[in-house]
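Worksheet: one structure, shown below.
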Amino acid sequence: MARTVVPFGPQHPVLPEPLQLQLVLEDEKVVDAIPTLGYVHRGLEKGAEFNDFNQNVFLVERVCGICSIIHAWTYSSCIEQLLNVEVPPRAQYLRVVFAELSRMHSHLLWLGLYADAFGLESLFMQFWRIRERVLDLEEMGSGNRIILSNCIVGGMRRDIDDDLRKEILKQLEEVRKEYLQVMPAILNDYTVNHRTRGVGVLSKEDAYDQGAVGPVLRASGIASDARLLGYGPYKELGFEPVVEKDGDCYARGVVRAREVLQSMEIIKNALEKMPEGEIAAKVKATAKVDGEAFARQEQPRGEVLYYVRGKNDKILDRIRIRTPTFANIPPLLKMLPGCDLADVPVIVLAIDPCISCTER
Amino acid sequence: MKEVNKADILSEIQAMKDAQARFVTMTCCDTGDAFELIYSFDKELELINVRTSFGKDESAPSASGIYSCAFLIENEIKDQFGLDFDNLAPDFKGLLLLSQDAPPTPMRRNNNQEEGGKVDG
């Protein structure tokens with residue numbers, strides 16, 4: 001049968017950022033997909049070679065449009081390893097609170113886009129309305145909505161006092177009630193079920209073999225989550241990864257929908273168990289960084305890896321950032337062959353692609 | 001970090017695959033006269049790193065024949081550093097992230113390029 005190549009993107013209603021897939025079709029079936037990247041490549045890894053290690057915190061926060069705090073935390077933990085900085089326990093709890101707020105608003109953003117992809121515009125607005133409340137909490141705690149600039153090498157900039165703690169707990173309870181009203185609407189919707197169950201299936205073996213991370217990996221039945229690595233106080237907070245077995249687009253949605261509730265619980269526990277004390281260890285601005293360090297953490301889209309190499313100077317020799325969407329592109333290319341052209345937007349959206357992360 | 005000879009890198013990667021380790025990524029560092037490649041794998045949440053190095057006029061064997069997902073990072077390294085990989089498939093020919101009119105190999109250090117910045121104070 002004759003083959004046709006159809007470009008998907010770089011501008012497409014389901015893509016908030018530019019990514020192109022060249023879809024090789026036989027009739028309406030996809031037989032191959034070739035990615036075209038580079039629309040938002042900014043050379044941030046090169047840029048990091050021109051800043052000192054403190055300035056880079058603000059650079060790495062801009063790698064992604066919405067997961068700023070976890071980039072800052074992962075990078076900072078590399079520098080803290082190399083400078084032997086002991087981060088105060090309270091700062092670690094504060095980092096968890098903001099990281100999980102970040103996960104909540106990222107997943108709520110995705111749930112809204114997911115609803116919009118099916119034409120459920122009202123539901124899209126409901127998810128984003130709830131997300132606004134989470135962003136308000138971030139603003140109350142850090143002064144910023146998205147790029148928080150709250151995490152620094154050695155700890156955090158701003159503390160959460162008792163009044164704010166009570167306010168966050170109160171608002172979270174309201175967010176929870178509102179979320180539980182709209183979450184079943186998308187998970188139980190006939191169209192959503194029909195369009196996502198059994199679509200874009202990634203088997204457990206393929207997910208592992210293709211290096212999938214985050215909700216894509218966990219939706220294929222693998223209980224892998226970087227929060228199990230022991231960074232931060234996740235162990236004390238009783239963290240268990242959310243896992244689904246079907247490996248399809250629906251399962252990926254369920255993992256994210258459940259993780260929103262899980263993040264709320266983690267934040268509540270962290271706020272209740274947060275120890276008193278300092279929020280940052282002192283780090284000399286003129287400290288010289290030497291040696292090399294790796295750090296991995298769990299972003300909303302999956303595991304992020306940082307590699308930092310010093311050269312006995314405050315300017316670093318190399319920063320390498322492996323973002324979760326970069327790892328999820330090969331699994332996406334595995335999911336697409338065999339699917340209908342009409343299912344491509346849903347499958348692409350189901351990995352929650354973040355292209356600015358991918359290209360840096 | 002495990003250091004291996006460049007001739008043994010493919011057998012090391014194959015051993016990781018046989019041990020059912022997940023391919024995490026590769027990191028390339030330009031040390032001035034060579035490229036260091038660090039291969040990272042995850043085995044039950046443990047990060048396993050394997051390091052080898054190649055001369056600037058050499059090419060590296062592609063891991064994409066063992067871990068097919070390695071093609072993306074190998075193409076990025078080819079873009080950014082100009083390190084060629086043998087039998088890389090698919091090969092974007094240095095144009096994965098860069099456009100045709102962009103300056104080639106921006107991360108490669110040589111006499112014509114600035115090697116990182118200096119900050120006053």
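If you're wondering about the labels, chains in the structure tokens are A, B, ... by order shown, residues count from 1 in each chain, ligands from 1 in order shown.
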
Discussion item. If DSSP is run on the backbone, what residues of stretch 42-218 of chain A are strand (DSSP E)? A reply as a list in words would be ideal.
Written reply: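 Taking stretch 42-218 of chain A and keeping strand (DSSP E) gives Cys151, Ile152, Gly155 and Met156 of chain A.
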
Worksheet item: DSSP says alpha helix (DSSP H) for which residues of chain B? Put them as a count of residues only?
Response: 22

Item to complete: Work out how far atom CA of A:Pro13 is from atom CA of A:Pro353, in Å to one decimal.
Response: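 Distance reported for this atom pair: 13.4 Å.
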
With a cut-off of 6 Å, could you pull out the residues of chain A touching chain B and give me the nearest pair of atoms for each, distance in Å to one decimal, using only C-alpha atoms, ordered by chain and ascending number, as JSON lines?
```
{"residue": "A:Leu37", "atom": "CA", "partner": "B:Leu97", "partner_atom": "CA", "distance": 5.6}
{"residue": "A:Gly38", "atom": "CA", "partner": "B:Leu97", "partner_atom": "CA", "distance": 3.9}
{"residue": "A:Glu49", "atom": "CA", "partner": "B:Gly116", "partner_atom": "CA", "distance": 4.7}
{"residue": "A:Phe50", "atom": "CA", "partner": "B:Gly117", "partner_atom": "CA", "distance": 4.0}
{"residue": "A:Tyr208", "atom": "CA", "partner": "B:Arg22", "partner_atom": "CA", "distance": 5.9}
{"residue": "A:Gln210", "atom": "CA", "partner": "B:Cys69", "partner_atom": "CA", "distance": 5.3}
{"residue": "A:Gly211", "atom": "CA", "partner": "B:Phe23", "partner_atom": "CA", "distance": 5.4}
{"residue": "A:Pro330", "atom": "CA", "partner": "B:Cys69", "partner_atom": "CA", "distance": 5.3}
```

Written selection (C-alpha atoms) as a compact mmCIF listing (two decimals), in the first residue's frame:
```
# COMPACT_ATOMS: atom_id res chain seq x y z
CA LEU A 37 12.96 18.77 17.53
CA GLY A 38 14.83 22.02 17.97
CA GLU A 49 29.04 27.43 31.92
CA PHE A 50 28.95 31.24 32.08
CA TYR A 208 11.40 -0.42 30.69
CA GLN A 210 12.57 2.26 26.01
CA GLY A 211 13.65 4.06 29.19
CA PRO A 330 11.42 6.98 22.52
```

Discussion item. Neighbouring residues of stretch 241-249 of chain A were defined as those with any atom within 7 Å, considering only C-alpha atoms; residues of the same chain fewer than 2 positions away were excluded. Please report them as a list in words.
Written reply: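 Counting only C-alpha atoms, the residues come to Thr196, Arg197, Gly198, Val199, Gly200, Val201, Leu202, Ser203, Arg218, Ala219, Ser220, Gly221, Ile222, Ala223, Asp225, Phe239, Ala251, Arg252, Gly253, Val255, Glu259, Ile347 and Ala350 of chain A.
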
Practice prompt. For A:Gly112, please output as a list of chain:residue names all residues within 10 Å (counting only C-alpha atoms; exclusion window: fewer than 5 positions along the same chain).
Written response: A:Ser106, A:His107, A:Ala117, A:Leu120, A:Glu121, A:Ser122, A:Leu123, A:Phe124, A:Met125, A:Gln126, A:Phe127, A:Trp128, A:Arg129, A:Ile130, A:Arg131, A:Ile186

Worksheet entry | Shell around stretch 270-278 of chain A at 8 Å using only C-alpha atoms, local window under 5 positions removed, as a list in words |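 Residues near the query, excluding close chain neighbours: Pro88, Pro89, Arg90, Ala91, Tyr93, Leu94, Val96, Val97, Arg165 and Leu237 of chain A.
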